[in-house]
$ cat protein_8.txt   # compact mmCIF, C-alpha atoms and all ligand atoms
# COMPACT_ATOMS: atom_id res chain seq x y z
CA MET A 219 0.00 0.00 0.00
CA LYS A 220 1.15 3.51 -0.82
CA LYS A 221 1.97 5.79 2.09
CA GLY A 222 0.09 9.09 2.22
CA ILE A 223 2.41 12.03 2.66
CA ALA A 224 1.99 15.71 3.53
CA ILE A 225 4.74 18.12 2.47
CA LEU A 226 4.66 21.27 4.59
CA GLY A 227 6.57 24.02 2.81
CA SER A 228 6.45 22.29 -0.58
CA THR A 229 7.38 25.55 -2.35
CA GLY A 230 10.69 25.88 -0.48
CA SER A 231 14.14 24.50 -1.17
CA ILE A 232 13.65 21.30 0.86
CA GLY A 233 10.01 20.92 -0.22
CA ILE A 234 10.93 21.09 -3.92
CA GLN A 235 13.72 18.55 -3.49
CA ALA A 236 11.44 16.27 -1.47
CA LEU A 237 8.88 16.27 -4.30
CA GLU A 238 11.65 15.48 -6.75
CA VAL A 239 12.76 12.49 -4.66
CA ILE A 240 9.18 11.29 -4.12
CA SER A 241 8.54 11.47 -7.89
CA THR A 242 11.11 8.72 -8.37
CA SER A 243 9.00 6.29 -6.28
CA PRO A 244 5.41 6.83 -7.48
CA ASP A 245 4.33 3.37 -6.32
CA LEU A 246 5.46 4.00 -2.70
CA PHE A 247 4.08 7.44 -1.90
CA SER A 248 0.89 9.34 -2.58
CA ILE A 249 0.90 13.12 -2.02
CA LYS A 250 -2.07 14.02 0.17
CA LEU A 251 -1.21 17.57 1.20
CA LEU A 252 0.98 20.39 -0.05
CA SER A 253 1.49 23.72 1.71
CA GLY A 254 2.99 26.98 0.52
CA HIS A 255 3.09 30.53 1.81
CA SER A 256 3.70 33.20 -0.84
CA ASN A 257 4.76 31.37 -3.99
CA ALA A 258 1.34 30.87 -5.57
CA ASN A 259 2.55 29.99 -9.07
CA LEU A 260 4.81 27.21 -7.92
CA LEU A 261 2.09 25.76 -5.68
CA ILE A 262 -0.35 25.82 -8.61
CA ASN A 263 2.14 23.88 -10.73
CA GLN A 264 2.69 21.38 -7.92
CA ILE A 265 -1.07 20.87 -7.51
CA ASP A 266 -1.36 20.25 -11.26
CA GLN A 267 1.42 17.71 -11.12
CA PHE A 268 0.65 15.84 -7.87
CA HIS A 269 -3.15 16.24 -7.39
CA PRO A 270 -3.04 16.34 -3.58
CA LYS A 271 -6.24 16.00 -1.54
CA TYR A 272 -5.43 19.31 0.21
CA ALA A 273 -3.46 22.42 -0.64
CA ILE A 274 -2.95 24.93 2.16
CA VAL A 275 -1.81 28.48 1.53
CA THR A 276 -0.82 30.66 4.49
CA GLU A 277 -0.43 34.04 2.77
CA GLU A 278 -3.67 35.79 1.82
CA ASN A 279 -2.93 37.07 -1.69
CA ALA A 280 -1.32 33.80 -2.68
CA PHE A 281 -4.39 31.97 -1.35
CA LYS A 282 -6.67 34.04 -3.59
CA THR A 283 -4.47 33.36 -6.63
CA VAL A 284 -4.28 29.62 -5.97
CA SER A 285 -8.03 29.25 -5.28
CA LYS A 286 -8.90 31.02 -8.50
CA ALA A 287 -6.44 29.06 -10.60
CA ILE A 288 -7.43 25.60 -9.51
CA SER A 289 -11.21 25.79 -9.09
CA GLY A 290 -12.88 22.71 -10.51
CA VAL A 291 -9.96 20.47 -9.59
CA LYS A 292 -10.40 17.74 -6.93
CA THR A 293 -7.83 19.38 -4.61
CA GLN A 294 -9.41 21.29 -1.70
CA VAL A 295 -7.65 24.61 -1.17
CA PHE A 296 -7.69 26.16 2.30
CA PHE A 297 -6.25 29.28 3.87
CA GLY A 298 -4.14 29.52 7.00
CA GLU A 299 -2.51 27.55 9.77
CA LYS A 300 -5.76 26.58 11.49
CA ASN A 301 -6.93 24.71 8.40
CA LEU A 302 -3.49 23.19 7.97
CA LEU A 303 -3.66 21.76 11.49
CA GLN A 304 -7.13 20.42 10.82
CA ALA A 305 -6.17 18.78 7.53
CA LEU A 306 -3.29 17.03 9.31
CA GLU A 307 -5.88 15.03 11.26
CA ASP A 308 -6.75 13.15 8.05
CA GLN A 309 -6.12 9.41 8.46
CA GLU A 310 -4.93 9.14 4.86
CA ILE A 311 -1.80 11.09 5.88
CA ASP A 312 0.77 8.66 7.29
CA ILE A 313 3.89 10.81 6.96
CA VAL A 314 4.41 14.55 7.50
CA LEU A 315 7.53 16.07 5.98
CA ASN A 316 7.96 19.39 7.79
CA ALA A 317 10.02 21.75 5.63
CA LEU A 318 8.57 24.98 6.96
CA VAL A 319 11.00 27.70 7.96
CA GLY A 320 11.23 29.19 11.45
CA PHE A 321 8.61 29.38 14.21
CA ALA A 322 5.88 28.61 11.61
CA GLY A 323 7.00 24.96 11.79
CA LEU A 324 6.21 24.52 15.49
CA ASN A 325 2.41 24.24 15.61
CA PRO A 326 2.20 21.88 12.61
CA LEU A 327 4.89 19.70 14.20
CA ILE A 328 2.98 19.46 17.46
CA SER A 329 -0.22 18.69 15.58
CA SER A 330 1.49 15.97 13.51
CA ILE A 331 2.76 14.33 16.70
CA LYS A 332 -0.67 14.48 18.34
CA HIS A 333 -2.10 12.64 15.34
CA ASN A 334 0.59 9.95 15.57
CA LYS A 335 2.17 10.66 12.19
CA GLN A 336 5.63 9.61 11.19
CA ILE A 337 7.61 12.85 10.95
CA LEU A 338 10.43 13.68 8.58
CA LEU A 339 11.84 16.84 10.09
CA ALA A 340 13.75 19.57 8.29
CA ASN A 341 12.37 22.46 10.39
CA LYS A 342 15.07 22.77 13.05
CA GLU A 343 13.65 25.90 14.72
CA SER A 344 10.75 23.95 16.27
CA LEU A 345 13.16 21.69 18.16
CA VAL A 346 15.29 24.69 19.18
CA ILE A 347 12.22 26.38 20.67
CA ALA A 348 10.59 23.45 22.43
CA GLY A 349 12.71 20.35 21.79
CA GLU A 350 12.42 18.80 25.24
CA LEU A 351 8.61 18.85 25.28
CA ILE A 352 8.34 17.83 21.64
CA MET A 353 10.52 14.76 22.10
CA GLN A 354 8.52 13.76 25.21
CA MET A 355 5.30 14.21 23.27
CA ALA A 356 6.65 12.15 20.36
CA LYS A 357 7.55 9.33 22.76
CA VAL A 358 4.12 9.29 24.40
CA ASN A 359 2.34 9.38 21.02
CA LYS A 360 4.72 6.84 19.45
CA SER A 361 5.38 9.33 16.67
CA GLU A 362 8.72 8.63 15.05
CA ILE A 363 10.87 11.65 14.15
CA ILE A 364 13.45 11.09 11.42
CA PRO A 365 15.81 14.00 10.78
CA ILE A 366 16.36 15.49 7.35
CA ASP A 367 18.98 18.05 8.35
CA SER A 368 22.13 16.48 6.88
CA GLU A 369 24.17 16.58 10.11
CA HIS A 370 21.39 14.95 12.11
CA SER A 371 20.73 12.39 9.42
CA ALA A 372 24.43 11.50 9.63
CA ILE A 373 24.33 11.10 13.41
CA PHE A 374 21.05 9.16 13.21
CA GLN A 375 22.74 6.74 10.80
CA CYS A 376 25.92 6.45 12.90
CA LEU A 377 23.88 5.61 16.00
CA LEU A 378 21.94 2.72 14.47
CA GLY A 379 22.77 -0.47 16.35
CA GLU A 380 24.74 1.37 19.04
CA ASN A 381 24.12 1.59 22.78
CA LYS A 382 23.39 5.17 23.80
CA ASN A 383 25.55 4.81 26.92
CA THR A 384 28.63 4.31 24.76
CA ILE A 385 28.41 7.73 23.11
CA GLU A 386 31.34 9.90 24.18
CA LYS A 387 30.24 12.83 22.04
CA ILE A 388 28.86 13.83 18.70
CA ILE A 389 30.71 16.17 16.36
CA LEU A 390 28.65 18.32 14.03
CA THR A 391 30.51 19.46 10.95
CA ALA A 392 30.03 22.98 9.58
CA SER A 393 31.10 24.27 6.18
CA GLY A 394 31.93 27.60 7.82
CA GLY A 395 29.83 29.48 5.27
CA PRO A 396 30.93 32.11 2.75
CA PHE A 397 32.72 34.31 5.33
CA LEU A 398 34.85 31.68 7.02
CA ASP A 399 38.09 33.57 6.35
CA TYR A 400 36.74 37.11 6.53
CA THR A 401 38.21 39.45 9.12
CA VAL A 402 36.01 41.16 11.71
CA GLU A 403 36.39 44.35 9.63
CA GLN A 404 35.28 42.60 6.42
CA LEU A 405 32.18 41.23 8.20
CA LYS A 406 30.99 44.83 8.59
CA ASN A 407 30.20 45.18 4.90
CA ILE A 408 28.07 42.21 3.96
CA SER A 409 25.16 42.62 1.55
CA PRO A 410 22.21 40.20 1.60
CA GLU A 411 23.15 39.09 -1.96
CA ARG A 412 26.60 38.13 -0.75
CA ALA A 413 25.32 36.27 2.31
CA LEU A 414 22.90 34.27 0.18
CA LYS A 415 25.73 32.83 -1.94
CA HIS A 416 26.75 29.74 0.00
CA PRO A 417 29.94 28.03 -1.22
CA VAL A 418 28.50 24.50 -1.08
CA TRP A 419 24.74 24.37 -0.50
CA LYS A 420 21.85 26.03 -2.36
CA MET A 421 19.20 26.69 0.26
CA GLY A 422 16.34 28.97 1.34
CA LYS A 423 17.16 32.54 2.37
CA LYS A 424 16.95 32.19 6.15
CA VAL A 425 19.08 29.08 6.42
CA SER A 426 21.61 30.64 4.00
CA VAL A 427 22.03 33.70 6.25
CA ASP A 428 22.14 31.44 9.32
CA SER A 429 24.90 29.40 7.68
CA ALA A 430 26.86 32.56 6.93
CA SER A 431 26.56 33.77 10.54
CA LEU A 432 27.11 30.27 11.99
CA MET A 433 23.77 30.56 13.79
CA ASN A 434 22.71 27.58 11.69
CA LYS A 435 25.31 25.45 13.47
CA GLY A 436 24.20 26.87 16.80
CA LEU A 437 20.58 25.93 16.07
CA GLU A 438 21.74 22.47 14.98
CA VAL A 439 23.64 21.95 18.22
CA ILE A 440 20.41 22.52 20.18
CA GLU A 441 18.41 20.44 17.68
CA ALA A 442 20.87 17.54 18.20
CA ARG A 443 20.69 17.79 21.99
CA TRP A 444 16.97 17.00 21.96
CA LEU A 445 16.82 14.65 18.96
CA PHE A 446 19.47 12.37 20.43
CA ASP A 447 18.84 13.09 24.14
CA LEU A 448 22.41 14.17 24.92
CA ASN A 449 24.03 16.32 27.58
CA PRO A 450 25.29 19.71 26.36
CA ASN A 451 28.90 18.65 27.04
CA GLN A 452 28.52 15.76 24.57
CA ILE A 453 28.10 18.07 21.59
CA ASP A 454 30.96 19.57 19.63
CA VAL A 455 31.39 21.43 16.35
CA VAL A 456 34.22 21.30 13.82
CA ILE A 457 34.66 23.31 10.63
CA HIS A 458 34.91 21.08 7.55
CA PRO A 459 34.70 23.34 4.47
CA GLN A 460 34.18 20.56 1.90
CA SER A 461 30.90 19.37 3.54
CA ILE A 462 31.57 15.73 2.68
CA ILE A 463 31.58 14.32 6.21
CA HIS A 464 28.12 15.31 7.41
CA SER A 465 28.84 14.61 11.09
CA LEU A 466 30.49 12.09 13.40
CA VAL A 467 29.91 10.15 16.59
CA GLN A 468 32.77 9.37 18.95
CA PHE A 469 32.30 6.34 21.21
CA THR A 470 33.75 5.57 24.64
CA ASP A 471 36.21 3.07 23.12
CA GLY A 472 37.76 5.85 21.01
CA SER A 473 36.07 4.78 17.75
CA LEU A 474 34.65 7.42 15.46
CA LYS A 475 31.81 6.76 13.02
CA ALA A 476 31.02 9.21 10.27
CA GLN A 477 28.61 9.46 7.37
CA LEU A 478 29.94 10.79 4.05
CA SER A 479 28.25 11.67 0.80
CA SER A 480 28.18 14.36 -1.85
CA PRO A 481 26.69 17.55 -0.41
CA ASP A 482 23.20 17.11 -1.84
CA MET A 483 20.11 17.39 0.37
CA ARG A 484 18.29 14.83 -1.74
CA VAL A 485 20.47 12.18 -0.05
CA PRO A 486 19.20 12.75 3.54
CA ILE A 487 15.69 13.47 2.23
CA GLN A 488 15.64 10.14 0.42
CA TYR A 489 17.14 8.36 3.42
CA ALA A 490 14.36 9.67 5.70
CA LEU A 491 11.65 8.76 3.18
CA HIS A 492 12.85 5.18 2.76
CA PHE A 493 14.10 4.49 6.30
CA PRO A 494 14.87 1.75 7.38
CA ASN A 495 15.59 0.83 3.76
CA ARG A 496 17.89 2.48 1.26
CA ALA A 497 16.88 3.23 -2.29
CA GLU A 498 18.93 3.66 -5.43
CA ASN A 499 19.17 7.05 -7.09
CA SER A 500 20.98 8.91 -9.82
CA ILE A 501 22.77 11.33 -7.46
CA SER A 502 26.50 11.28 -8.18
CA GLN A 503 28.34 8.74 -6.05
CA PHE A 504 31.01 10.27 -3.84
CA SER A 505 34.59 9.36 -4.71
CA LEU A 506 37.41 9.56 -2.13
CA ILE A 507 40.03 9.69 -4.88
CA ASP A 508 38.38 12.71 -6.50
CA ASN A 509 38.23 14.42 -3.09
CA PRO A 510 41.61 13.77 -1.50
CA GLU A 511 41.49 16.86 0.72
CA LEU A 512 39.12 16.64 3.62
CA THR A 513 40.17 19.35 6.08
CA PHE A 514 39.10 20.37 9.57
CA ARG A 515 39.60 23.28 11.90
CA GLN A 516 38.31 24.81 15.08
CA ALA A 517 35.23 27.04 14.81
CA ASP A 518 35.99 30.66 15.77
CA ARG A 519 33.31 31.40 18.35
CA LYS A 520 34.68 34.91 18.93
CA LYS A 521 34.38 36.02 15.33
CA PHE A 522 31.10 34.13 14.94
CA ARG A 523 29.53 35.03 18.27
CA ASN A 524 26.20 33.39 17.34
CA LEU A 525 27.75 29.97 17.83
CA ALA A 526 28.94 30.88 21.34
CA LEU A 527 25.49 32.29 22.16
CA ALA A 528 23.79 29.07 21.04
CA PHE A 529 26.04 27.01 23.32
CA ILE A 530 25.18 29.33 26.23
CA ALA A 531 21.45 29.00 25.43
CA MET A 532 21.73 25.21 25.27
CA GLU A 533 23.61 25.01 28.55
CA LYS A 534 21.25 27.30 30.47
CA GLY A 535 18.18 25.75 28.83
CA GLY A 536 14.66 26.82 29.81
CA ASN A 537 13.20 29.36 27.40
CA LEU A 538 16.63 30.75 26.45
CA PRO A 539 16.93 28.78 23.17
CA ALA A 540 13.46 30.05 22.22
CA ILE A 541 14.66 33.61 22.90
CA LEU A 542 17.81 33.05 20.84
CA ASN A 543 15.74 31.65 17.98
CA ALA A 544 13.12 34.41 17.98
CA ALA A 545 15.69 37.22 18.11
CA ASN A 546 17.62 35.57 15.30
CA GLU A 547 14.51 35.19 13.11
CA VAL A 548 13.81 38.91 13.43
CA ALA A 549 17.44 39.91 12.92
CA VAL A 550 17.79 37.76 9.79
CA GLN A 551 14.61 39.16 8.24
CA ALA A 552 15.73 42.72 9.05
CA PHE A 553 19.10 42.00 7.46
CA LEU A 554 17.43 40.62 4.32
CA ASP A 555 15.20 43.72 4.21
CA GLY A 556 18.26 45.99 4.41
CA LYS A 557 17.30 47.27 7.88
CA TRP A 558 19.99 45.69 10.05
CA PRO A 559 23.64 44.93 9.29
CA PHE A 560 24.86 41.36 9.21
CA TYR A 561 27.53 41.89 11.88
CA ARG A 562 24.94 43.16 14.38
CA ILE A 563 22.83 39.97 14.29
CA PRO A 564 24.59 38.55 17.41
CA GLU A 565 24.20 41.90 19.21
CA LEU A 566 20.42 41.68 18.96
CA VAL A 567 20.39 38.01 19.94
CA GLU A 568 22.57 38.63 22.98
CA GLU A 569 20.54 41.65 24.03
CA MET A 570 17.35 39.56 24.01
CA MET A 571 19.07 36.69 25.84
CA ASN A 572 20.16 39.11 28.56
CA TYR A 573 16.94 41.05 29.00
CA GLN A 574 13.99 38.77 28.26
CA ILE A 575 12.55 37.03 31.33
CA PHE A 576 14.27 33.69 31.90
CA ILE A 577 11.94 30.78 32.68
CA SER A 578 13.70 27.58 33.68
CA LYS A 579 10.83 25.07 33.21
CA PRO A 580 8.49 26.45 30.53
CA ASP A 581 5.35 24.67 29.38
CA LEU A 582 4.34 24.70 25.74
CA GLN A 583 2.25 27.85 26.07
CA THR A 584 5.25 29.66 27.58
CA TYR A 585 7.41 28.81 24.56
CA PHE A 586 4.80 30.39 22.28
CA GLU A 587 4.50 33.46 24.51
CA THR A 588 8.27 33.84 24.85
CA THR A 589 8.68 33.68 21.08
CA LYS A 590 5.95 36.22 20.34
CA LYS A 591 7.17 38.67 22.99
CA CYS A 592 10.73 38.33 21.75
CA PHE A 593 9.62 38.92 18.14
CA ALA A 594 7.97 42.20 19.22
CA ASP A 595 10.85 43.31 21.47
CA SER A 596 13.45 42.49 18.80
CA GLU A 597 11.57 44.55 16.24
CA ALA A 598 11.38 47.43 18.72
CA TYR A 599 15.12 47.15 19.43
CA ILE A 600 15.88 47.37 15.72
CA ARG A 601 13.66 50.43 15.30
CA LYS A 602 15.35 52.12 18.25
CA HIS A 603 18.95 51.30 17.35
CA THR A 604 19.13 52.15 13.66
P1 LIG A 701 12.68 27.96 2.21
O1 LIG A 701 12.64 29.37 2.65
O2 LIG A 701 13.25 27.64 0.87
O3 LIG A 701 11.20 27.34 2.26
C1 LIG A 701 10.35 27.54 3.35
C2 LIG A 701 8.97 27.01 3.07
O4 LIG A 701 8.09 27.44 4.11
C3 LIG A 701 8.35 27.55 1.78
O5 LIG A 701 7.44 26.59 1.27
C4 LIG A 701 7.60 28.79 2.25
O6 LIG A 701 6.54 29.16 1.37
C5 LIG A 701 7.06 28.30 3.57
N1 LIG A 701 6.85 29.40 4.53
C6 LIG A 701 7.59 30.51 4.70
N2 LIG A 701 7.07 31.28 5.68
C7 LIG A 701 5.97 30.66 6.12
C8 LIG A 701 4.98 30.95 7.11
N3 LIG A 701 5.03 32.07 7.86
N4 LIG A 701 3.96 30.08 7.31
C9 LIG A 701 3.90 28.94 6.58
N5 LIG A 701 4.80 28.59 5.62
C10 LIG A 701 5.82 29.45 5.41
O7 LIG A 701 13.44 27.16 3.36
P2 LIG A 701 14.30 25.81 3.23
O8 LIG A 701 13.56 24.81 2.43
O9 LIG A 701 15.68 26.16 2.87
O10 LIG A 701 14.34 25.35 4.76
C11 LIG A 701 13.22 24.80 5.43
C12 LIG A 701 13.67 24.28 6.79
O11 LIG A 701 14.61 23.23 6.59
C13 LIG A 701 14.40 25.32 7.66
O12 LIG A 701 14.09 25.12 9.00
C14 LIG A 701 15.86 25.03 7.40
O13 LIG A 701 16.69 25.41 8.48
C15 LIG A 701 15.83 23.53 7.24
N6 LIG A 701 16.94 22.98 6.43
C16 LIG A 701 17.12 23.42 5.15
C17 LIG A 701 18.16 22.93 4.37
C18 LIG A 701 18.34 23.33 2.94
O14 LIG A 701 19.26 22.82 2.28
N7 LIG A 701 17.53 24.20 2.39
C19 LIG A 701 19.13 21.97 4.94
C20 LIG A 701 18.80 21.53 6.26
C21 LIG A 701 17.75 22.05 6.98
P3 LIG A 701 6.76 30.19 0.11
O15 LIG A 701 8.09 29.86 -0.49
O16 LIG A 701 5.60 29.81 -0.80
O17 LIG A 701 6.66 31.58 0.62
MG MG A 702 22.34 21.21 8.40
$ encode --input "protein_8.txt" --output "C-alpha cells"
Amino acid sequence: MKKGIAILGSTGSIGIQALEVISTSPDLFSIKLLSGHSNANLLINQIDQFHPKYAIVTEENAFKTVSKAISGVKTQVFFGEKNLLQALEDQEIDIVLNALVGFAGLNPLISSIKHNKQILLANKESLVIAGELIMQMAKVNKSEIIPIDSEHSAIFQCLLGENKNTIEKIILTASGGPFLDYTVEQLKNISPERALKHPVWKMGKKVSVDSASLMNKGLEVIEARWLFDLNPNQIDVVIHPQSIIHSLVQFTDGSLKAQLSSPDMRVPIQYALHFPNRAENSISQFSLIDNPELTFRQADRKKFRNLALAFIAMEKGGNLPAILNAANEVAVQAFLDGKWPFYRIPELVEEMMNYQIFISKPDLQTYFETTKKCFADSEAYIRKHT
C-alpha cells in the first residue's frame, strides 16, 4: 500500500527537493497535502502535477491566486494555519515532511505528533524552541521523528545499532559558510546578496544567512541535543569546508563513526523517506580519490559570536533557546530587508538573551509566549537602534 504524505513548505528549497525524490518512487508514496506561503505559481504547478487532496496556503494574496487558478480540480484549497492543522488530522496522511521555515513549523509539528504521524523533520527551529517537550510528546504518542537536516541524518545513521551509553560525544561538521576567512572588519560590509551565496549548498534565504553567521550550526547543536537526548557537554562542532563528512559520533572506546556523501540534500531526504531501507538514485556517487582533501579546523566562536550564544542557550536551557531563535529570526529578516547589518545579528540576539525574562521550566504555552514577545521586542530594538 502507498503511504500518504503531507509536504509542509512544498514551495521551499527542501520541499521542492522532497517532491523530486518522491517522484522517483510513485508506487510507494501518494501526495495528500501540499502547503505553501507566498509562492502561488509554484504551488499551482505542484497541484497540477501531484493532485493532492489538500493544498494549504498561508499568505492571503497567494491563497486568492491559488483558489482562482485551480477551481474545478479535486484538490481542496484552504487558507491559514488553522486549516493546515485540521487537515493534518486526516487518516490518509501517514507521513508529514515538515520543511517549513522558522517558528511557523512549530504548531504543525505538534499537531502531527498528536495525530501519531511519522515525521520527517527539516524544520530545526521547532526543536530549538521546544525540543524537550516535543521529544517527550513524540515518545508518548509513538510518533517517530526522522531527521532530514544532513548533520542529524548523519548522526542518526551512525547511532543505528549502538548503545546510547557508549556515546562519548557527537561532532557536528560545519562548512563555515561564505565568510569563514573574513576578518572582523570585512564582516561589517556584507550585503544580503553576498550572504545568500553559500559556497556549497543552495538553500532557502533564512538558512543561508544562518549558515553565513554560523547561527545555523548553533541551532543544529540545540536540535541535536533534543533529537538524540544528549548532555550539552557531549556536543561539539568542527569546521569542515568541503561538507563531505556530514557529522560524526565518537564512542567511549575511542572509535569514530562518520557518514559521508556528496553535499546534496536529496540524499538525507531520500534516506528519511525510505528508512529503514535504502533506495537507489541517480545522485553522483562520492569518490574519495576525486576528493583527497578533507580538512578540519576549530570554529571561531569569537568572530562568529552566534555559535557561542547558542552554546550558552543550550547550557542554560529553559526558554533561552526560544529567545535566541526568535531574536535571530527577526534579525535575519531585518538584514534581508536591508534594515539591520549582518555583523549586528549577534548583538540583537545577545541583548534579548540578557533582558527577556528567563523561565527555567516552561510549558508549551510559555514557549509560544516567549517567542511572540521576543519577536515584538526584537523589532522594537531594531527600530530604536538604527
Ligand atoms: P525555504 O525558505 O526555501 O522554504 C520555506 C517554506 O516554508 C516555503 O514553502 C515557504 O513558502 C514556507 N513558509 C515561509 N514562511 C511561512 C509561514 N510564515 N507560514 C507557513 N509557511 C511558510 O526554506 P528551506 O527549504 O531552505 O528550509 C526549510 C527548513 O529546513 C528550515 O528550518 C531550514 O533550516 C531547514 N533545512 C534546510 C536545508 C536546505 O538545504 N535548504 C538543509 C537543512 C535544513 P513560500 O516559499 O511559498 O513563501
Ligand atoms: Mg544542516
$ axis_aligned_box --input "protein_8.txt" --around "ligand LIG 701 (chain A)" --padding-each-side "3 Å" --output "JSON"
{"center_x": 11.6, "center_y": 26.8, "center_z": 4.1, "size_x": 21.4, "size_y": 16.5, "size_z": 15.8}
$ closest_residue --input "protein_8.txt" --among "A:Pro417, A:Pro365, A:Gly472, A:Pro510" --to "ligand LIG 701 (chain A)" --atoms "all atoms listed in the file"
A:Pro365
$ residues_near_ligand --input "protein_8.txt" --ligand "ligand MG 702 (chain A)" --cutoff "6 Å" --atoms "only C-alpha atoms and all ligand atoms" --output "list in words"
Asp367, Ser368 and Glu369 of chain A
$ residues_near_ligand --input "protein_8.txt" --ligand "ligand LIG 701 (chain A)" --cutoff "6 Å" --atoms "all atoms listed in the file" --output "list in words"
Gly227, Ser228, Thr229, Gly230, Ser231, Ile232, Gly233, Gly254, His255, Ser256, Asn257, Thr276, Ala317, Leu318, Val319, Gly320, Ala322, Ala340, Asn341, Lys342, Glu343, Asp367, Met421, Gly422, Lys423, Val425 and Met483 of chain A
$ closest_residue --input "protein_8.txt" --among "A:Val485, A:Ile462, A:Met219, A:Leu527" --to "Glu511 (chain A)" --atoms "only C-alpha atoms"
A:Ile462
$ residues_around --input "protein_8.txt" --residues "Phe446 (chain A)" --least-positions-apart "4" --cutoff "12 Å" --atoms "all atoms listed in the file" --output "ChimeraX atom specification"
/A:345,349-350,353,363-365,370-378,381-383,385,387-388,438-442,450,452-453,467
$ atom_distance --input "protein_8.txt" --atom1 "CA of Thr391 (chain A)" --atom2 "CA of Arg515 (chain A)"
9.9 Å
$ residues_around --input "protein_8.txt" --residues "Arg601 (chain A)" --least-positions-apart "2" --cutoff "12 Å" --atoms "all atoms listed in the file" --output "MDAnalysis selection string"
chainID A and resid 548:549 552 557:558 566 594:599 603:604
$ atom_distance --input "protein_8.txt" --atom1 "CA of Ile225 (chain A)" --atom2 "CA of Lys335 (chain A)"
12.5 Å
$ residues_near_point --input "protein_8.txt" --point "(0.1, 38.2, -0.9)" --cutoff "12 Å" --atoms "all atoms listed in the file" --output "mmCIF file with C-alpha atoms, in the coordinates of the input"
data_model
loop_
_atom_site.group_PDB
_atom_site.id
_atom_site.type_symbol
_atom_site.label_atom_id
_atom_site.label_comp_id
_atom_site.auth_asym_id
_atom_site.auth_seq_id
_atom_site.Cartn_x
_atom_site.Cartn_y
_atom_site.Cartn_z
ATOM 1 C CA GLY A 254 2.990 26.980 0.520
ATOM 2 C CA HIS A 255 3.090 30.530 1.810
ATOM 3 C CA SER A 256 3.700 33.200 -0.840
ATOM 4 C CA ASN A 257 4.760 31.370 -3.990
ATOM 5 C CA ALA A 258 1.340 30.870 -5.570
ATOM 6 C CA ASN A 259 2.550 29.990 -9.070
ATOM 7 C CA VAL A 275 -1.810 28.480 1.530
ATOM 8 C CA THR A 276 -0.820 30.660 4.490
ATOM 9 C CA GLU A 277 -0.430 34.040 2.770
ATOM 10 C CA GLU A 278 -3.670 35.790 1.820
ATOM 11 C CA ASN A 279 -2.930 37.070 -1.690
ATOM 12 C CA ALA A 280 -1.320 33.800 -2.680
ATOM 13 C CA PHE A 281 -4.390 31.970 -1.350
ATOM 14 C CA LYS A 282 -6.670 34.040 -3.590
ATOM 15 C CA THR A 283 -4.470 33.360 -6.630
ATOM 16 C CA VAL A 284 -4.280 29.620 -5.970
ATOM 17 C CA PHE A 297 -6.250 29.280 3.870
#
$ atom_distance --input "protein_8.txt" --atom1 "CA of Ile463 (chain A)" --atom2 "CA of Gly394 (chain A)"
13.4 Å
$ residues_around --input "protein_8.txt" --residues "Val455 (chain A)" --least-positions-apart "4" --cutoff "7 Å" --atoms "all atoms listed in the file" --output "list of chain:residue names"
A:Ile389, A:Leu390, A:Thr391, A:Ala517
$ residues_near_point --input "protein_8.txt" --point "(-7.4, 16.8, -0.6)" --cutoff "7 Å" --atoms "all atoms listed in the file" --output "PDB file with C-alpha atoms, keeping the file's coordinate frame"
ATOM      1  CA  LYS A 250      -2.070  14.020   0.170  1.00  0.00           C
ATOM      2  CA  LEU A 251      -1.210  17.570   1.200  1.00  0.00           C
ATOM      3  CA  PRO A 270      -3.040  16.340  -3.580  1.00  0.00           C
ATOM      4  CA  LYS A 271      -6.240  16.000  -1.540  1.00  0.00           C
ATOM      5  CA  TYR A 272      -5.430  19.310   0.210  1.00  0.00           C
ATOM      6  CA  ALA A 273      -3.460  22.420  -0.640  1.00  0.00           C
ATOM      7  CA  THR A 293      -7.830  19.380  -4.610  1.00  0.00           C
ATOM      8  CA  GLN A 294      -9.410  21.290  -1.700  1.00  0.00           C
TER       9      GLN A 294
END
$ closest_residue --input "protein_8.txt" --among "A:Ser253, A:Ser241, A:Ile501, A:Lys591" --to "Leu315 (chain A)" --atoms "only C-alpha atoms"
A:Ser253
$ closest_residue --input "protein_8.txt" --among "A:Asp266, A:Glu362, A:Asp428, A:Asp308" --to "Pro494 (chain A)" --atoms "all atoms listed in the file"
A:Glu362
$ closest_residue --input "protein_8.txt" --among "A:Leu226, A:Ile249, A:Ile366, A:Ile530" --to "Ala490 (chain A)" --atoms "all atoms listed in the file"
A:Ile366
$ closest_atom_pairs --input "protein_8.txt" --of "region 301-360 of chain A" --to "region 583-589 of chain A" --cutoff "9 Å" --atoms "only C-alpha atoms" --output "JSON lines"
{"residue": "A:Phe321", "atom": "CA", "partner": "A:Thr589", "partner_atom": "CA", "distance": 8.1}
{"residue": "A:Ile347", "atom": "CA", "partner": "A:Tyr585", "partner_atom": "CA", "distance": 6.6}
{"residue": "A:Ala348", "atom": "CA", "partner": "A:Tyr585", "partner_atom": "CA", "distance": 6.6}
$ write_last_selection --input "protein_8.txt" --atoms "C-alpha atoms" --output "PDB file, in the coordinates of the input"
ATOM      1  CA  PHE A 321       8.610  29.380  14.210  1.00  0.00           C
ATOM      2  CA  ILE A 347      12.220  26.380  20.670  1.00  0.00           C
ATOM      3  CA  ALA A 348      10.590  23.450  22.430  1.00  0.00           C
TER       4      ALA A 348
END
$ closest_residue --input "protein_8.txt" --among "A:Asp399, A:Pro410, A:Ala392, A:Thr470" --to "Glu380 (chain A)" --atoms "all atoms listed in the file"
A:Thr470
